[in-house]
>>> print(open('input.cif').read())   # mmCIF, C-alpha atoms
data_data
loop_
_atom_site.group_PDB
_atom_site.id
_atom_site.type_symbol
_atom_site.label_atom_id
_atom_site.label_comp_id
_atom_site.auth_asym_id
_atom_site.auth_seq_id
_atom_site.Cartn_x
_atom_site.Cartn_y
_atom_site.Cartn_z
ATOM 1 C CA MET A 1 40.419 148.424 88.447
ATOM 2 C CA LEU A 2 37.519 147.101 90.506
ATOM 3 C CA HIS A 3 34.380 149.230 90.651
ATOM 4 C CA TYR A 4 31.700 149.228 93.349
ATOM 5 C CA THR A 5 28.483 151.225 93.632
ATOM 6 C CA ASN A 6 27.254 150.151 97.068
ATOM 7 C CA LEU A 7 28.871 149.726 100.467
ATOM 8 C CA SER A 8 27.200 146.341 100.866
ATOM 9 C CA GLU A 9 29.208 145.082 97.853
ATOM 10 C CA LEU A 10 32.499 145.750 99.610
ATOM 11 C CA HIS A 11 34.587 142.989 101.049
ATOM 12 C CA LEU A 12 38.077 144.453 100.884
ATOM 13 C CA GLY A 13 41.055 143.453 102.950
ATOM 14 C CA LYS A 14 43.800 145.812 104.049
ATOM 15 C CA THR A 15 42.965 149.151 102.411
ATOM 16 C CA TRP A 16 44.318 152.659 102.090
ATOM 17 C CA LEU A 17 41.377 154.937 101.282
ATOM 18 C CA THR A 18 40.795 158.470 100.078
ATOM 19 C CA ILE A 19 37.389 160.139 99.835
ATOM 20 C CA GLY A 20 36.291 163.066 97.669
ATOM 21 C CA SER A 21 34.525 164.254 94.539
ATOM 22 C CA PHE A 22 37.706 164.094 92.402
ATOM 23 C CA ASP A 23 36.020 166.100 89.641
ATOM 24 C CA GLY A 24 38.643 166.613 86.934
ATOM 25 C CA VAL A 25 41.273 164.307 88.493
ATOM 26 C CA HIS A 26 43.661 167.274 88.211
ATOM 27 C CA ILE A 27 47.331 167.452 89.221
ATOM 28 C CA GLY A 28 46.374 168.119 92.849
ATOM 29 C CA HIS A 29 44.300 164.956 92.901
ATOM 30 C CA GLN A 30 47.096 163.128 91.089
ATOM 31 C CA SER A 31 49.589 164.119 93.795
ATOM 32 C CA LEU A 32 47.317 162.708 96.499
ATOM 33 C CA LEU A 33 46.669 159.561 94.471
ATOM 34 C CA LYS A 34 50.393 158.988 93.996
ATOM 35 C CA ARG A 35 50.920 159.061 97.765
ATOM 36 C CA LEU A 36 47.935 156.774 98.257
ATOM 37 C CA ILE A 37 49.038 154.216 95.672
ATOM 38 C CA ASN A 38 52.748 154.151 96.539
ATOM 39 C CA GLY A 39 52.049 153.968 100.261
ATOM 40 C CA ALA A 40 49.362 151.310 99.959
ATOM 41 C CA HIS A 41 51.394 149.069 97.702
ATOM 42 C CA SER A 42 54.462 149.372 99.935
ATOM 43 C CA GLN A 43 52.299 147.940 102.744
ATOM 44 C CA GLN A 44 50.643 145.258 100.572
ATOM 45 C CA ALA A 45 47.343 147.130 100.818
ATOM 46 C CA ALA A 46 44.771 148.112 98.177
ATOM 47 C CA ALA A 47 44.662 151.744 97.021
ATOM 48 C CA VAL A 48 40.971 152.691 96.951
ATOM 49 C CA VAL A 49 39.119 155.887 96.007
ATOM 50 C CA MET A 50 35.613 156.630 97.265
ATOM 51 C CA THR A 51 33.679 159.247 95.328
ATOM 52 C CA PHE A 52 30.094 160.435 95.048
ATOM 53 C CA HIS A 53 27.531 161.207 92.355
ATOM 54 C CA PRO A 54 25.709 163.493 91.981
ATOM 55 C CA HIS A 55 28.084 166.097 93.350
ATOM 56 C CA PRO A 56 26.959 167.131 96.865
ATOM 57 C CA ALA A 57 26.419 170.686 95.598
ATOM 58 C CA VAL A 58 23.675 169.397 93.277
ATOM 59 C CA VAL A 59 21.804 167.712 96.133
ATOM 60 C CA LEU A 60 22.413 170.197 98.941
ATOM 61 C CA ARG A 61 22.437 173.521 97.074
ATOM 62 C CA GLY A 62 20.366 172.731 94.016
ATOM 63 C CA LYS A 63 23.252 173.597 91.711
ATOM 64 C CA ASN A 64 21.928 173.346 88.142
ATOM 65 C CA GLU A 65 24.346 175.323 85.972
ATOM 66 C CA PRO A 66 27.122 173.571 84.017
ATOM 67 C CA PHE A 67 30.110 172.782 86.246
ATOM 68 C CA TYR A 68 31.218 169.122 85.962
ATOM 69 C CA LEU A 69 34.762 168.726 84.606
ATOM 70 C CA THR A 70 34.410 164.972 84.109
ATOM 71 C CA GLY A 71 31.604 162.516 83.563
ATOM 72 C CA GLN A 72 31.404 159.407 85.705
ATOM 73 C CA ASP A 73 32.908 157.079 83.103
ATOM 74 C CA GLU A 74 35.683 159.529 82.300
ATOM 75 C CA LYS A 75 36.503 159.963 85.991
ATOM 76 C CA ARG A 76 36.829 156.208 86.486
ATOM 77 C CA THR A 77 39.054 155.931 83.417
ATOM 78 C CA LEU A 78 41.314 158.677 84.759
ATOM 79 C CA LEU A 79 41.486 157.076 88.195
ATOM 80 C CA GLU A 80 42.366 153.742 86.647
ATOM 81 C CA SER A 81 45.106 155.381 84.568
ATOM 82 C CA GLN A 82 46.683 156.647 87.801
ATOM 83 C CA GLY A 83 46.949 153.077 89.113
ATOM 84 C CA VAL A 84 44.071 152.959 91.606
ATOM 85 C CA ASP A 85 43.077 149.406 92.558
ATOM 86 C CA ALA A 86 39.384 150.061 93.209
ATOM 87 C CA CYS A 87 36.848 152.867 92.913
ATOM 88 C CA ILE A 88 33.717 153.111 95.058
ATOM 89 C CA SER A 89 31.100 155.335 93.370
ATOM 90 C CA LEU A 90 28.324 156.009 95.862
ATOM 91 C CA GLU A 91 25.033 157.723 95.152
ATOM 92 C CA PHE A 92 24.821 160.970 97.108
ATOM 93 C CA ASN A 93 21.319 161.816 98.325
ATOM 94 C CA LEU A 94 19.649 163.495 101.296
ATOM 95 C CA ALA A 95 19.788 160.290 103.339
ATOM 96 C CA VAL A 96 23.554 160.009 102.886
ATOM 97 C CA ALA A 97 23.923 163.741 103.570
ATOM 98 C CA ALA A 98 22.263 163.209 106.955
ATOM 99 C CA TYR A 99 24.864 160.643 108.091
ATOM 100 C CA THR A 100 27.288 161.778 110.753
ATOM 101 C CA ALA A 101 30.946 161.276 109.941
ATOM 102 C CA GLU A 102 31.219 158.687 112.712
ATOM 103 C CA TYR A 103 28.249 156.691 111.430
ATOM 104 C CA PHE A 104 29.421 156.788 107.818
ATOM 105 C CA LEU A 105 32.978 155.715 108.596
ATOM 106 C CA SER A 106 31.715 152.959 110.885
ATOM 107 C CA LEU A 107 29.719 151.604 107.916
ATOM 108 C CA VAL A 108 32.845 151.736 105.770
ATOM 109 C CA CYS A 109 34.958 149.986 108.389
ATOM 110 C CA GLN A 110 32.421 147.171 108.595
ATOM 111 C CA GLN A 111 33.047 146.397 104.924
ATOM 112 C CA ILE A 112 36.765 147.028 104.507
ATOM 113 C CA GLN A 113 39.851 146.660 106.637
ATOM 114 C CA LEU A 114 40.672 150.365 106.707
ATOM 115 C CA ASP A 115 44.370 150.747 107.462
ATOM 116 C CA LYS A 116 44.919 154.373 106.450
ATOM 117 C CA LEU A 117 42.753 157.324 105.400
ATOM 118 C CA LEU A 118 44.248 160.083 103.219
ATOM 119 C CA VAL A 119 42.395 163.369 102.689
ATOM 120 C CA GLY A 120 43.226 166.835 101.429
ATOM 121 C CA GLN A 121 43.456 169.968 103.549
ATOM 122 C CA GLY A 122 40.033 171.429 104.223
ATOM 123 C CA PHE A 123 38.301 168.094 103.738
ATOM 124 C CA ALA A 124 35.117 167.535 105.727
ATOM 125 C CA LEU A 125 32.671 164.653 105.858
ATOM 126 C CA GLY A 126 29.204 164.024 107.224
ATOM 127 C CA ARG A 127 26.162 166.046 108.209
ATOM 128 C CA GLY A 128 26.883 169.760 108.260
ATOM 129 C CA ARG A 129 30.513 169.033 107.279
ATOM 130 C CA THR A 130 31.266 168.438 110.955
ATOM 131 C CA GLY A 131 33.639 165.579 110.179
ATOM 132 C CA ASP A 132 36.685 167.766 109.577
ATOM 133 C CA THR A 133 40.259 166.539 109.764
ATOM 134 C CA LEU A 134 40.432 167.028 113.550
ATOM 135 C CA MET A 135 37.327 164.922 114.112
ATOM 136 C CA LEU A 136 38.503 162.267 111.652
ATOM 137 C CA GLU A 137 41.790 162.087 113.568
ATOM 138 C CA LYS A 138 39.868 161.439 116.782
ATOM 139 C CA LEU A 139 37.689 158.808 115.116
ATOM 140 C CA SER A 140 40.805 157.014 113.871
ATOM 141 C CA GLN A 141 41.585 155.969 117.429
ATOM 142 C CA SER A 142 38.277 154.155 117.939
ATOM 143 C CA LEU A 143 37.922 152.823 114.379
ATOM 144 C CA GLY A 144 41.504 151.607 114.117
ATOM 145 C CA TYR A 145 42.932 153.466 111.141
ATOM 146 C CA SER A 146 45.765 155.960 110.776
ATOM 147 C CA MET A 147 45.334 159.223 108.945
ATOM 148 C CA GLU A 148 47.290 161.598 106.729
ATOM 149 C CA VAL A 149 46.295 165.091 105.591
ATOM 150 C CA VAL A 150 47.895 165.753 102.192
ATOM 151 C CA PRO A 151 48.857 169.395 101.497
ATOM 152 C CA PRO A 152 47.518 171.064 98.333
ATOM 153 C CA VAL A 153 49.535 171.493 95.158
ATOM 154 C CA MET A 154 50.381 175.130 94.371
ATOM 155 C CA LEU A 155 50.973 176.503 90.877
ATOM 156 C CA ASP A 156 51.752 180.170 90.155
ATOM 157 C CA GLY A 157 50.473 181.109 93.589
ATOM 158 C CA PHE A 158 47.139 179.318 93.105
ATOM 159 C CA VAL A 159 45.912 176.235 94.923
ATOM 160 C CA VAL A 160 45.216 173.640 92.233
ATOM 161 C CA SER A 161 41.503 172.973 92.617
ATOM 162 C CA SER A 162 38.487 172.008 90.539
ATOM 163 C CA SER A 163 36.911 175.415 91.181
ATOM 164 C CA GLN A 164 39.985 177.258 89.887
ATOM 165 C CA ILE A 165 40.062 175.094 86.772
ATOM 166 C CA ARG A 166 36.380 175.845 86.175
ATOM 167 C CA GLN A 167 37.233 179.546 86.182
ATOM 168 C CA PHE A 168 39.992 179.049 83.626
ATOM 169 C CA ILE A 169 37.732 177.024 81.338
ATOM 170 C CA GLY A 170 34.884 179.514 81.583
ATOM 171 C CA GLN A 171 37.343 182.244 80.570
ATOM 172 C CA SER A 172 38.591 180.137 77.605
ATOM 173 C CA ASP A 173 42.019 180.036 79.265
ATOM 174 C CA LEU A 174 42.968 176.605 77.977
ATOM 175 C CA VAL A 175 46.673 177.130 78.663
ATOM 176 C CA ASN A 176 46.223 177.342 82.425
ATOM 177 C CA ALA A 177 43.351 174.839 82.470
ATOM 178 C CA SER A 178 45.627 172.290 80.780
ATOM 179 C CA ARG A 179 48.495 172.993 83.187
ATOM 180 C CA PHE A 180 46.273 172.528 86.224
ATOM 181 C CA LEU A 181 44.576 169.427 84.805
ATOM 182 C CA GLY A 182 47.792 167.847 83.563
ATOM 183 C CA ARG A 183 46.137 167.266 80.172
ATOM 184 C CA HIS A 184 43.938 169.049 77.653
ATOM 185 C CA TYR A 185 40.349 169.571 78.751
ATOM 186 C CA SER A 186 37.949 167.272 76.931
ATOM 187 C CA VAL A 187 34.197 166.792 76.650
ATOM 188 C CA SER A 188 32.310 163.727 75.403
ATOM 189 C CA GLY A 189 28.891 163.600 73.833
ATOM 190 C CA ILE A 190 26.608 161.901 71.339
ATOM 191 C CA VAL A 191 26.529 163.202 67.762
ATOM 192 C CA SER A 192 23.009 164.448 67.071
ATOM 193 C CA HIS A 193 21.208 165.808 64.014
ATOM 194 C CA GLY A 194 21.565 169.522 63.332
ATOM 195 C CA ASP A 195 20.068 171.862 60.761
ATOM 196 C CA GLY A 196 22.649 170.986 58.082
ATOM 197 C CA ARG A 197 23.757 174.604 57.681
ATOM 198 C CA GLY A 198 27.451 173.723 58.028
ATOM 199 C CA SER A 199 27.265 171.302 55.108
ATOM 200 C CA GLY A 200 25.616 174.002 53.018
ATOM 201 C CA LEU A 201 28.560 176.279 53.731
ATOM 202 C CA GLY A 202 31.076 173.587 52.822
ATOM 203 C CA PHE A 203 32.066 172.826 56.406
ATOM 204 C CA PRO A 204 29.895 169.978 57.734
ATOM 205 C CA THR A 205 29.719 169.865 61.507
ATOM 206 C CA ALA A 206 28.879 167.227 64.092
ATOM 207 C CA ASN A 207 26.458 168.601 66.673
ATOM 208 C CA ILE A 208 27.372 167.237 70.100
ATOM 209 C CA ALA A 209 24.732 166.586 72.738
ATOM 210 C CA THR A 210 26.364 166.929 76.168
ATOM 211 C CA SER A 211 25.011 166.712 79.700
ATOM 212 C CA LYS A 212 23.361 169.980 80.749
ATOM 213 C CA LEU A 213 25.643 170.074 83.807
ATOM 214 C CA ARG A 214 28.870 169.483 81.857
ATOM 215 C CA LEU A 215 31.047 172.585 81.704
ATOM 216 C CA LEU A 216 31.933 173.897 78.243
ATOM 217 C CA PRO A 217 34.623 176.480 77.525
ATOM 218 C CA GLY A 218 33.453 180.021 76.843
ATOM 219 C CA ASN A 219 31.796 180.879 73.540
ATOM 220 C CA GLY A 220 34.230 180.900 70.668
ATOM 221 C CA VAL A 221 36.223 178.831 68.188
ATOM 222 C CA TYR A 222 38.798 176.230 69.212
ATOM 223 C CA ALA A 223 41.460 174.013 67.667
ATOM 224 C CA CYS A 224 40.677 170.476 68.834
ATOM 225 C CA ARG A 225 41.429 166.820 68.531
ATOM 226 C CA VAL A 226 38.463 164.485 68.216
ATOM 227 C CA LYS A 227 38.649 160.897 69.423
ATOM 228 C CA LEU A 228 36.485 158.423 67.510
ATOM 229 C CA GLY A 229 37.085 155.130 69.278
ATOM 230 C CA GLU A 230 40.780 154.424 68.745
ATOM 231 C CA GLU A 231 41.073 157.036 65.981
ATOM 232 C CA THR A 232 42.109 160.664 66.568
ATOM 233 C CA ARG A 233 41.329 163.438 64.056
ATOM 234 C CA LEU A 234 42.055 167.164 63.892
ATOM 235 C CA ALA A 235 39.077 169.483 64.186
ATOM 236 C CA VAL A 236 37.735 172.992 64.684
ATOM 237 C CA ALA A 237 34.994 173.392 67.289
ATOM 238 C CA ASN A 238 32.520 176.191 67.775
ATOM 239 C CA ILE A 239 30.736 176.874 71.045
ATOM 240 C CA GLY A 240 28.010 179.458 71.024
ATOM 241 C CA VAL A 241 24.651 180.631 69.791
ATOM 242 C CA ARG A 242 25.506 181.117 66.056
ATOM 243 C CA PRO A 243 24.677 184.848 66.004
ATOM 244 C CA THR A 244 24.995 185.142 62.217
ATOM 245 C CA PHE A 245 21.926 182.902 61.758
ATOM 246 C CA ASP A 246 20.189 182.293 65.102
ATOM 247 C CA GLN A 247 19.885 185.634 66.858
ATOM 248 C CA ALA A 248 17.123 184.312 69.131
ATOM 249 C CA GLN A 249 19.122 181.355 70.441
ATOM 250 C CA ILE A 250 20.268 181.662 74.059
ATOM 251 C CA THR A 251 21.751 178.318 75.139
ATOM 252 C CA PRO A 252 25.253 177.703 73.732
ATOM 253 C CA HIS A 253 25.811 174.463 71.884
ATOM 254 C CA LEU A 254 28.875 172.599 70.677
ATOM 255 C CA GLU A 255 29.512 171.705 67.041
ATOM 256 C CA VAL A 256 32.688 170.291 65.533
ATOM 257 C CA HIS A 257 34.066 170.339 61.995
ATOM 258 C CA ILE A 258 36.415 167.365 61.658
ATOM 259 C CA LEU A 259 39.142 168.071 59.117
ATOM 260 C CA ASP A 260 39.501 165.809 56.058
ATOM 261 C CA PHE A 261 36.619 163.603 57.175
ATOM 262 C CA ASP A 262 33.334 162.675 55.503
ATOM 263 C CA ARG A 263 31.846 159.757 57.468
ATOM 264 C CA MET A 264 28.421 159.991 59.128
ATOM 265 C CA LEU A 265 28.640 159.912 62.934
ATOM 266 C CA TYR A 266 25.017 160.229 64.049
ATOM 267 C CA GLY A 267 24.437 158.442 67.346
ATOM 268 C CA GLU A 268 28.125 157.855 68.039
ATOM 269 C CA LEU A 269 29.897 158.890 71.240
ATOM 270 C CA ILE A 270 32.925 161.075 70.541
ATOM 271 C CA ALA A 271 35.371 163.013 72.723
ATOM 272 C CA ILE A 272 36.499 166.553 71.901
ATOM 273 C CA GLU A 273 39.881 167.575 73.304
ATOM 274 C CA PHE A 274 40.245 171.364 73.413
ATOM 275 C CA VAL A 275 43.810 172.308 72.499
ATOM 276 C CA ALA A 276 43.782 176.049 71.761
ATOM 277 C CA PHE A 277 41.387 179.010 71.776
ATOM 278 C CA LEU A 278 41.377 180.659 68.345
ATOM 279 C CA ARG A 279 38.889 183.528 68.627
ATOM 280 C CA GLY A 280 35.679 184.660 70.248
ATOM 281 C CA GLU A 281 32.260 184.143 68.707
ATOM 282 C CA GLN A 282 31.395 186.746 66.083
ATOM 283 C CA ARG A 283 28.388 187.849 64.076
ATOM 284 C CA PHE A 284 29.092 188.181 60.333
ATOM 285 C CA SER A 285 27.213 190.335 57.856
ATOM 286 C CA SER A 286 26.932 187.536 55.308
ATOM 287 C CA ALA A 287 27.406 183.797 54.841
ATOM 288 C CA ARG A 288 30.333 184.535 52.516
ATOM 289 C CA GLU A 289 32.130 186.511 55.215
ATOM 290 C CA LEU A 290 31.544 183.648 57.647
ATOM 291 C CA VAL A 291 32.948 181.083 55.195
ATOM 292 C CA GLU A 292 36.088 183.162 54.676
ATOM 293 C CA GLN A 293 36.629 183.334 58.416
ATOM 294 C CA ILE A 294 36.089 179.579 58.825
ATOM 295 C CA GLN A 295 38.695 178.980 56.141
ATOM 296 C CA ARG A 296 41.146 181.076 58.148
ATOM 297 C CA ASP A 297 40.196 179.219 61.323
ATOM 298 C CA VAL A 298 40.926 175.867 59.662
ATOM 299 C CA LEU A 299 44.361 177.028 58.466
ATOM 300 C CA ILE A 300 45.296 178.279 61.923
ATOM 301 C CA ALA A 301 43.982 175.108 63.570
ATOM 302 C CA ARG A 302 46.085 172.924 61.261
ATOM 303 C CA GLU A 303 49.176 174.934 62.183
ATOM 304 C CA VAL A 304 48.437 174.777 65.917
ATOM 305 C CA LEU A 305 47.614 171.070 65.937
ATOM 306 C CA LYS A 306 50.436 169.792 63.779
#
>>> encode(input="input.cif", output="structure tokens")
Amino acid sequence: MLHYTNLSELHLGKTWLTIGSFDGVHIGHQSLLKRLINGAHSQQAAAVVMTFHPHPAVVLRGKNEPFYLTGQDEKRTLLESQGVDACISLEFNLAVAAYTAEYFLSLVCQQIQLDKLLVGQGFALGRGRTGDTLMLEKLSQSLGYSMEVVPPVMLDGFVVSSSQIRQFIGQSDLVNASRFLGRHYSVSGIVSHGDGRGSGLGFPTANIATSKLRLLPGNGVYACRVKLGEETRLAVANIGVRPTFDQAQITPHLEVHILDFDRMLYGELIAIEFVAFLRGEQRFSSARELVEQIQRDVLIAREVLK
């Protein structure tokens, strides 16, 4: 898959294009991408996705709590796995936010031979979100492209959306999050040094440093798979503030005990795939009580993951 980060880099021929944040690349996105790719290839055109970073909500509304479902690299990998020919990752800033839809699309059409534009229902582009689907349809006549509005995917009466998936993940509802994503939710991060308390208890953990805007599941214990390069291992993850030891801690953090594993991982990038929620975070009266519970967690995780 080709990757571009600037409109001036683009010199694409006949192109079918879709535009959006595509955070999560969930089954709704996948449905749109399938129509894009199949349609483009049937017309000997390139299937291209244009996305933005940071998310417009960060720039326009100052959003600073965790909410991203995918990092930039992960998003591109997911798009490539769907069969997209090229991804355009544009920086979103106040200057771009001030563009009218007509001006922005005219810039795009100068760089690519836009044959068809596919967008989801409710999509809007440009300053003040004035470039809705009706306006984009009008612009298609002067800019020379055709347009298709793709209906949303419904599941159990819900529109499949990134915001709905965020709710599921925040509630530790991994079953529905996985169904809406079309895969298990995963988070990547660098293994950092911790306080070594897990090793002292007999359950060494890898402390994972993630982006402050990356969404983590709710506090609790999870059965997971950990990807170390090409290797996949079973694991138990804890998200929380460790109330048994650190009563003053406020910000949740992620630590993972990889089963049957004793190699140092400091500084390595690993991916944690959340498979099942085991229990909520608890405060124990003693380290011994905590160890006994962790032993039970490990047994249950092995059963779930096998």
>>> residues_around(input="input.cif", residues="Pro217 (chain A)", least_positions_apart="4", cutoff="10 Å", atoms="only C-alpha atoms", output="list in words")
Arg166, Gln167, Phe168, Ile169, Gly170, Gln171, Ser172, Asp173, Leu174, Tyr185, Ser186, Val187, Val221, Tyr222, Asn238, Ile239, Gly240, Leu254, Phe274 and Phe277 of chain A
>>> atom_distance(input="input.cif", atom1="CA of Leu118 (chain A)", atom2="CA of Leu10 (chain A)")
18.9 Å
>>> residues_around(input="input.cif", residues="region 130-141 of chain A", least_positions_apart="4", cutoff="12 Å", atoms="only C-alpha atoms", output="CSV table (one decimal) with C-alpha atoms, keeping the file's coordinate frame")
chain,number,residue,atom,x,y,z
A,97,ALA,CA,23.9,163.7,103.6
A,98,ALA,CA,22.3,163.2,107.0
A,99,TYR,CA,24.9,160.6,108.1
A,100,THR,CA,27.3,161.8,110.8
A,101,ALA,CA,30.9,161.3,109.9
A,102,GLU,CA,31.2,158.7,112.7
A,103,TYR,CA,28.2,156.7,111.4
A,104,PHE,CA,29.4,156.8,107.8
A,105,LEU,CA,33.0,155.7,108.6
A,106,SER,CA,31.7,153.0,110.9
A,109,CYS,CA,35.0,150.0,108.4
A,114,LEU,CA,40.7,150.4,106.7
A,115,ASP,CA,44.4,150.7,107.5
A,116,LYS,CA,44.9,154.4,106.4
A,117,LEU,CA,42.8,157.3,105.4
A,118,LEU,CA,44.2,160.1,103.2
A,119,VAL,CA,42.4,163.4,102.7
A,120,GLY,CA,43.2,166.8,101.4
A,121,GLN,CA,43.5,170.0,103.5
A,122,GLY,CA,40.0,171.4,104.2
A,123,PHE,CA,38.3,168.1,103.7
A,124,ALA,CA,35.1,167.5,105.7
A,125,LEU,CA,32.7,164.7,105.9
A,126,GLY,CA,29.2,164.0,107.2
A,145,TYR,CA,42.9,153.5,111.1
A,146,SER,CA,45.8,156.0,110.8
A,147,MET,CA,45.3,159.2,108.9
A,148,GLU,CA,47.3,161.6,106.7
A,149,VAL,CA,46.3,165.1,105.6
A,150,VAL,CA,47.9,165.8,102.2
>>> resolve_selection(input="input.cif", expression="the PyMOL selection byres ((chain A and resi 55) around 10)", output="ChimeraX atom specification")
/A:20-23,51-54,56-60,63,67-68,91-93
>>> residues_around(input="input.cif", residues="Glu74 (chain A)", least_positions_apart="5", cutoff="9 Å", atoms="all atoms listed in the file", output="ChimeraX atom specification")
/A:24,79,188
>>> residues_around(input="input.cif", residues="Lys34 (chain A)", least_positions_apart="4", cutoff="9 Å", atoms="all atoms listed in the file", output="PyMOL selection string")
chain A and resi 29-30+38-39+82-83
>>> closest_residue(input="input.cif", among="A:Gln295, A:Asn207, A:Ser42, A:Thr18", to="Leu269 (chain A)", atoms="only C-alpha atoms")
A:Asn207
>>> closest_residue(input="input.cif", among="A:Val191, A:Ala206, A:Leu213, A:Leu32", to="Gly71 (chain A)", atoms="all atoms listed in the file")
A:Leu213
>>> atom_distance(input="input.cif", atom1="CA of Phe158 (chain A)", atom2="CA of Cys87 (chain A)")
28.4 Å
>>> resolve_selection(input="input.cif", expression="the PyMOL selection byres ((chain A and resi 261-267) around 10)", output="count of residues only")
22
>>> residues_around(input="input.cif", residues="Lys227 (chain A)", least_positions_apart="2", cutoff="7 Å", atoms="only C-alpha atoms", output="PyMOL selection string")
chain A and resi 225+229-233+270-272
>>> closest_residue(input="input.cif", among="A:Phe180, A:Phe284, A:Phe203, A:Tyr4", to="Glu255 (chain A)", atoms="all atoms listed in the file")
A:Phe203
>>> atom_distance(input="input.cif", atom1="CA of Gly13 (chain A)", atom2="CA of Glu80 (chain A)")
19.3 Å
>>> closest_residue(input="input.cif", among="A:Gln111, A:Arg127, A:Gly280, A:His41", to="Val84 (chain A)", atoms="only C-alpha atoms")
A:His41
